[in-house]
Each structure stands twice: as structure tokens, then as C-alpha cells.
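*Asks:* The structure file work_31.pdb (PDB, C-alpha atoms, pLDDT in the B column) is provided below.
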ATOM      1  CA  MET A   1      -0.775  -2.164   5.011  1.00 87.00           C
ATOM      2  CA  ILE A   2       1.730   0.472   6.089  1.00 90.00           C
ATOM      3  CA  ALA A   3       4.640  -1.631   4.803  1.00 91.00           C
ATOM      4  CA  VAL A   4       3.001  -1.824   1.382  1.00 92.00           C
ATOM      5  CA  LEU A   5       2.457   1.943   1.348  1.00 92.00           C
ATOM      6  CA  LEU A   6       6.111   2.472   2.238  1.00 92.00           C
ATOM      7  CA  SER A   7       7.297   0.137  -0.504  1.00 91.00           C
ATOM      8  CA  THR A   8       5.899   2.183  -3.389  1.00 87.00           C
ATOM      9  CA  ARG A   9       8.719   3.734  -5.393  1.00 88.00           C
ATOM     10  CA  ALA A  10      11.308   2.515  -2.900  1.00 89.00           C
ATOM     11  CA  THR A  11      13.795  -0.327  -2.846  1.00 89.00           C
ATOM     12  CA  ALA A  12      12.887  -3.385  -0.827  1.00 89.00           C
ATOM     13  CA  VAL A  13      15.866  -2.799   1.449  1.00 92.00           C
ATOM     14  CA  SER A  14      14.988   0.822   2.257  1.00 93.00           C
ATOM     15  CA  ALA A  15      11.281   0.042   2.666  1.00 92.00           C
ATOM     16  CA  ASN A  16      12.036  -2.848   5.041  1.00 93.00           C
ATOM     17  CA  GLN A  17      14.392  -0.703   7.120  1.00 94.00           C
ATOM     18  CA  ALA A  18      11.853   2.116   7.375  1.00 94.00           C
ATOM     19  CA  THR A  19       9.067  -0.347   8.186  1.00 94.00           C
ATOM     20  CA  ARG A  20      11.092  -1.901  11.017  1.00 95.00           C
ATOM     21  CA  LYS A  21      11.981   1.495  12.470  1.00 95.00           C
ATOM     22  CA  LEU A  22       8.388   2.721  12.263  1.00 95.00           C
ATOM     23  CA  HIS A  23       6.997  -0.512  13.697  1.00 94.00           C
ATOM     24  CA  LEU A  24       9.184  -0.125  16.793  1.00 95.00           C
ATOM     25  CA  LYS A  25       7.801   3.369  17.409  1.00 93.00           C
ATOM     26  CA  ALA A  26       4.197   2.923  16.281  1.00 92.00           C
ATOM     27  CA  ASN A  27       2.746  -0.453  15.385  1.00 90.00           C
ATOM     28  CA  LYS A  28      -0.948   0.493  15.493  1.00 89.00           C
ATOM     29  CA  PRO A  29      -2.936   3.319  13.869  1.00 89.00           C
ATOM     30  CA  GLU A  30      -3.824   4.945  17.181  1.00 91.00           C
ATOM     31  CA  ILE A  31      -0.185   4.931  18.318  1.00 93.00           C
ATOM     32  CA  MET A  32       0.921   6.428  15.002  1.00 94.00           C
ATOM     33  CA  LEU A  33      -1.663   9.181  15.430  1.00 95.00           C
ATOM     34  CA  LEU A  34      -0.463   9.880  18.978  1.00 96.00           C
ATOM     35  CA  ARG A  35       3.173  10.061  17.841  1.00 95.00           C
ATOM     36  CA  GLY A  36       2.239  12.470  15.070  1.00 96.00           C
ATOM     37  CA  ILE A  37       3.417  13.168  11.572  1.00 96.00           C
ATOM     38  CA  ASP A  38       6.856  14.471  12.562  1.00 97.00           C
ATOM     39  CA  ALA A  39       7.694  11.212  14.359  1.00 96.00           C
ATOM     40  CA  VAL A  40       6.487   9.226  11.363  1.00 96.00           C
ATOM     41  CA  LYS A  41       8.583  11.344   8.993  1.00 96.00           C
ATOM     42  CA  ASN A  42      11.618  10.891  11.225  1.00 95.00           C
ATOM     43  CA  CYS A  43      11.236   7.097  11.068  1.00 94.00           C
ATOM     44  CA  ILE A  44      10.832   6.919   7.294  1.00 95.00           C
ATOM     45  CA  LYS A  45      13.004   9.798   6.091  1.00 94.00           C
ATOM     46  CA  THR A  46      15.486   7.397   4.495  1.00 92.00           C
ATOM     47  CA  ILE A  47      13.053   6.481   1.705  1.00 93.00           C
ATOM     48  CA  GLY A  48      11.903   8.558  -1.222  1.00 91.00           C
ATOM     49  CA  LEU A  49       8.725  10.618  -1.050  1.00 94.00           C
ATOM     50  CA  TYR A  50       8.698  10.280   2.732  1.00 95.00           C
ATOM     51  CA  ASN A  51       6.793  13.537   3.266  1.00 96.00           C
ATOM     52  CA  SER A  52       3.796  12.514   1.171  1.00 96.00           C
ATOM     53  CA  LYS A  53       3.976   8.915   2.415  1.00 96.00           C
ATOM     54  CA  ALA A  54       3.858  10.115   6.023  1.00 96.00           C
ATOM     55  CA  GLU A  55       0.903  12.382   5.283  1.00 97.00           C
ATOM     56  CA  ASN A  56      -0.985   9.574   3.563  1.00 95.00           C
ATOM     57  CA  MET A  57      -0.204   7.131   6.383  1.00 95.00           C
ATOM     58  CA  ILE A  58      -1.540   9.596   8.954  1.00 96.00           C
ATOM     59  CA  LYS A  59      -4.682  10.091   6.835  1.00 96.00           C
ATOM     60  CA  THR A  60      -5.104   6.311   6.530  1.00 94.00           C
ATOM     61  CA  CYS A  61      -4.591   5.835  10.275  1.00 93.00           C
ATOM     62  CA  THR A  62      -7.165   8.535  10.978  1.00 94.00           C
ATOM     63  CA  ILE A  63      -9.697   6.788   8.737  1.00 93.00           C
ATOM     64  CA  LEU A  64      -8.977   3.387  10.315  1.00 89.00           C
ATOM     65  CA  HIS A  65      -9.092   4.835  13.836  1.00 88.00           C
ATOM     66  CA  ASP A  66     -12.394   6.616  13.208  1.00 88.00           C
ATOM     67  CA  LYS A  67     -14.210   3.612  11.760  1.00 82.00           C
ATOM     68  CA  ASP A  68     -15.902   1.087  14.023  1.00 68.00           C
ATOM     69  CA  GLY A  69     -13.717  -1.972  13.428  1.00 68.00           C
ATOM     70  CA  LYS A  70     -10.430  -0.043  13.403  1.00 76.00           C
ATOM     71  CA  GLU A  71      -9.011  -2.654  11.060  1.00 84.00           C
ATOM     72  CA  VAL A  72      -7.823  -2.654   7.476  1.00 90.00           C
ATOM     73  CA  PRO A  73     -10.886  -3.201   5.289  1.00 90.00           C
ATOM     74  CA  LYS A  74     -11.080  -6.347   3.198  1.00 91.00           C
ATOM     75  CA  PRO A  75     -13.246  -5.306   0.239  1.00 91.00           C
ATOM     76  CA  PRO A  76     -11.033  -4.063  -2.616  1.00 92.00           C
ATOM     77  CA  ASP A  77     -13.124  -0.935  -3.184  1.00 93.00           C
ATOM     78  CA  ALA A  78     -12.827  -0.021   0.507  1.00 93.00           C
ATOM     79  CA  LEU A  79      -9.062  -0.462   0.336  1.00 94.00           C
ATOM     80  CA  GLU A  80      -8.821   1.667  -2.801  1.00 94.00           C
ATOM     81  CA  ALA A  81     -10.778   4.413  -1.041  1.00 94.00           C
ATOM     82  CA  LEU A  82      -7.862   4.873   1.383  1.00 94.00           C
ATOM     83  CA  PRO A  83      -5.268   7.575   0.606  1.00 94.00           C
ATOM     84  CA  ASN A  84      -2.619   6.519  -1.928  1.00 92.00           C
ATOM     85  CA  VAL A  85      -4.051   3.006  -2.309  1.00 94.00           C
ATOM     86  CA  GLY A  86      -4.659   1.897  -5.868  1.00 90.00           C
ATOM     87  CA  ARG A  87      -5.505  -1.445  -7.401  1.00 88.00           C
ATOM     88  CA  LYS A  88      -1.932  -2.768  -7.158  1.00 89.00           C
ATOM     89  CA  THR A  89      -1.532  -1.872  -3.465  1.00 92.00           C
ATOM     90  CA  ALA A  90      -4.997  -3.244  -2.698  1.00 93.00           C
ATOM     91  CA  SER A  91      -4.123  -6.515  -4.430  1.00 92.00           C
ATOM     92  CA  VAL A  92      -0.891  -6.876  -2.463  1.00 93.00           C
ATOM     93  CA  VAL A  93      -2.706  -6.226   0.833  1.00 94.00           C
ATOM     94  CA  LEU A  94      -5.523  -8.634  -0.054  1.00 95.00           C
ATOM     95  CA  ASN A  95      -3.016 -11.352  -0.924  1.00 94.00           C
ATOM     96  CA  THR A  96      -0.558 -10.935   1.956  1.00 92.00           C
ATOM     97  CA  ALA A  97      -2.855  -9.866   4.793  1.00 91.00           C
ATOM     98  CA  PHE A  98      -5.999 -11.783   3.935  1.00 93.00           C
ATOM     99  CA  GLY A  99      -4.725 -14.688   1.845  1.00 93.00           C
ATOM    100  CA  GLU A 100      -6.903 -13.768  -1.122  1.00 93.00           C
ATOM    101  CA  PRO A 101      -5.822 -15.277  -4.455  1.00 92.00           C
ATOM    102  CA  THR A 102      -5.003 -11.960  -6.121  1.00 88.00           C
ATOM    103  CA  MET A 103      -2.116 -10.755  -8.244  1.00 83.00           C
ATOM    104  CA  ALA A 104      -0.728  -7.261  -8.272  1.00 82.00           C
ATOM    105  CA  PHE A 105      -0.798  -6.193 -11.907  1.00 77.00           C
ATOM    106  CA  ASP A 106       1.170  -3.163 -12.932  1.00 74.00           C
ATOM    107  CA  THR A 107       2.344  -1.679 -16.190  1.00 74.00           C
ATOM    108  CA  HIS A 108       5.441  -3.912 -16.235  1.00 75.00           C
ATOM    109  CA  ILE A 109       3.381  -7.106 -16.113  1.00 76.00           C
ATOM    110  CA  PHE A 110       0.995  -5.687 -18.666  1.00 74.00           C
ATOM    111  CA  ARG A 111       3.867  -4.864 -21.041  1.00 77.00           C
ATOM    112  CA  LEU A 112       5.215  -8.378 -20.659  1.00 79.00           C
ATOM    113  CA  ALA A 113       1.774  -9.792 -21.386  1.00 75.00           C
ATOM    114  CA  ASN A 114       1.554  -7.658 -24.528  1.00 75.00           C
ATOM    115  CA  ARG A 115       4.932  -8.915 -25.720  1.00 78.00           C
ATOM    116  CA  THR A 116       3.921 -12.526 -25.195  1.00 76.00           C
ATOM    117  CA  GLN A 117       0.573 -11.999 -26.917  1.00 68.00           C
ATOM    118  CA  GLU A 118      -1.345 -12.855 -23.731  1.00 59.00           C
ATOM    119  CA  SER A 119      -3.166  -9.562 -23.650  1.00 56.00           C
ATOM    120  CA  ARG A 120      -3.693  -7.017 -26.409  1.00 56.00           C
ATOM    121  CA  ARG A 121      -4.988  -3.448 -26.397  1.00 56.00           C
ATOM    122  CA  GLU A 122      -6.684  -3.554 -23.016  1.00 58.00           C
ATOM    123  CA  ARG A 123      -6.001  -1.261 -20.142  1.00 58.00           C
ATOM    124  CA  VAL A 124      -4.156  -2.619 -17.109  1.00 54.00           C
ATOM    125  CA  SER A 125      -7.088  -1.786 -14.841  1.00 55.00           C
ATOM    126  CA  GLU A 126      -9.523  -3.698 -17.057  1.00 61.00           C
ATOM    127  CA  LYS A 127      -7.278  -6.724 -17.536  1.00 56.00           C
ATOM    128  CA  SER A 128      -6.189  -6.900 -13.905  1.00 54.00           C
ATOM    129  CA  LYS A 129      -9.788  -7.369 -12.778  1.00 58.00           C
ATOM    130  CA  THR A 130      -9.989 -10.699 -14.553  1.00 57.00           C
ATOM    131  CA  GLY A 131      -6.304 -11.588 -14.727  1.00 56.00           C
ATOM    132  CA  LEU A 132      -4.373 -12.534 -17.795  1.00 54.00           C
TER     133      LEU A 132
END
Please express what this file holds, its structure, as C-alpha cells.
*Replies:*
Amino acid sequence: MIAVLLSTRATAVSANQATRKLHLKANKPEIMLLRGIDAVKNCIKTIGLYNSKAENMIKTCTILHDKDGKEVPKPPDALEALPNVGRKTASVVLNTAFGEPTMAFDTHIFRLANRTQESRRERVSEKSKTGL
């Protein structure tokens, strides 16, 4: 989940480096909370938007820590309720963490679908619910 949050608007290389560094320091929500936001920022400062990403990760860890199961939720609406998690991030987490047969639709895929006549005049959010 955290790796997916770090990957938004970042290169794969920088996101993977930041994820590895953060994972060595704090690999569970409760450890990340104990380390604090400054430690998180220090681990991920090589990627863009690291301040807001660190804040959202701390908020997400707080939510996960405070709930009973202390695990990443599986229902898509519960995932999207977490800070900075939209449909695309939720789909990636559902597919990679839970093995759900989902696809992460974004505006680039939608534009491609429009050019190939697969999808016309529908919003990405509407079309991504049912797939192309």
C-alpha cells in the first residue's frame, strides 16, 4: 500500500528506492507512527511531493493502527476512504496485494480507448467500474 502511494507522480526508480529505504526503517504502520513524520520525510525526500506523501502515509497508518484488524482493507470503497487513495491506487492495491482481477484505469488508458473507438464520451470513473 505504501509503495503504491509513493509511486504516484514519481518514477519507478525513485519510488522503489524510497520504498526500500522506508521499509528498512519502518515496515509496519505502528513502527512508522513511532518513527514519526520527520523520519518518514527523511526516507522519502528523494521523490516529488514527499511532504504531502509523508503526511498522507502517517494519516493512513493512523487509520490502519486505530482500526481493529490493523490491516489494509479489501473493499474498494474502504480503500478509497484512505487519504490520497483514489480508484486507480485502490485498483493497483486490490490487484497486487489481494490478487483481485482489477485494472488500474487512468486518463491515459481512457484516451487510448477513445482513439481506438473502444469507449466514447464516458467518464474514466464510470468506465473503469465495468472495464473497457
*Asks:* Can you work out the spacing between CA of Ala90 in chain A and CA of Met32 in chain A in Å, to one decimal?
*Replies:*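 These two atoms are separated by 21.0 Å.
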*Asks:* How would you write, as number ranges by chain, the residues chosen by the PyMOL selection byres ((chain A and resi 24-31) around 9) on this structure?
*Replies:* A: 19-23, 32-36, 39-40, 43, 57-58, 60-62, 64-65, 70-71
*Asks:* Expressed in Å to a single decimal, how great is the separation between CA of Asn114 in chain A and CA of Val85 in chain A?
*Replies:* 25.3 Å
*Asks:* Apply the PyMOL selection byres ((chain A and resi 88) around 7) to the file shown and report the selected residues as an MDAnalysis selection string.
*Replies:* chainID A and resid 86:87 89:92 104:106
*Asks:* Using all atoms listed in the file, which of the listed residues (A:Leu112, A:Leu49, A:Ile44, A:Ala78) sits closest to Thr8 in chain A?
*Replies:* A:Leu49
*Asks:* Counting only C-alpha atoms, select every polymer residue within 10 Å of (5.9, -4.8, 6.0) as defined in the file's coordinates, and provide the selection as a VMD selection string.
*Replies:* chain A and resid 1 to 7 12 15 to 20 23 96
*Asks:* Generate the output file for the selected residues, C-alpha atoms, as a tab-separated table (two decimals), in the frame of the given file.
*Replies:*
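Printed below is selection-v1.tsv as written:
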chain	number	residue	atom	x	y	z
A	1	MET	CA	-0.78	-2.16	5.01
A	2	ILE	CA	1.73	0.47	6.09
A	3	ALA	CA	4.64	-1.63	4.80
A	4	VAL	CA	3.00	-1.82	1.38
A	5	LEU	CA	2.46	1.94	1.35
A	6	LEU	CA	6.11	2.47	2.24
A	7	SER	CA	7.30	0.14	-0.50
A	12	ALA	CA	12.89	-3.38	-0.83
A	15	ALA	CA	11.28	0.04	2.67
A	16	ASN	CA	12.04	-2.85	5.04
A	17	GLN	CA	14.39	-0.70	7.12
A	18	ALA	CA	11.85	2.12	7.38
A	19	THR	CA	9.07	-0.35	8.19
A	20	ARG	CA	11.09	-1.90	11.02
A	23	HIS	CA	7.00	-0.51	13.70
A	96	THR	CA	-0.56	-10.94	1.96
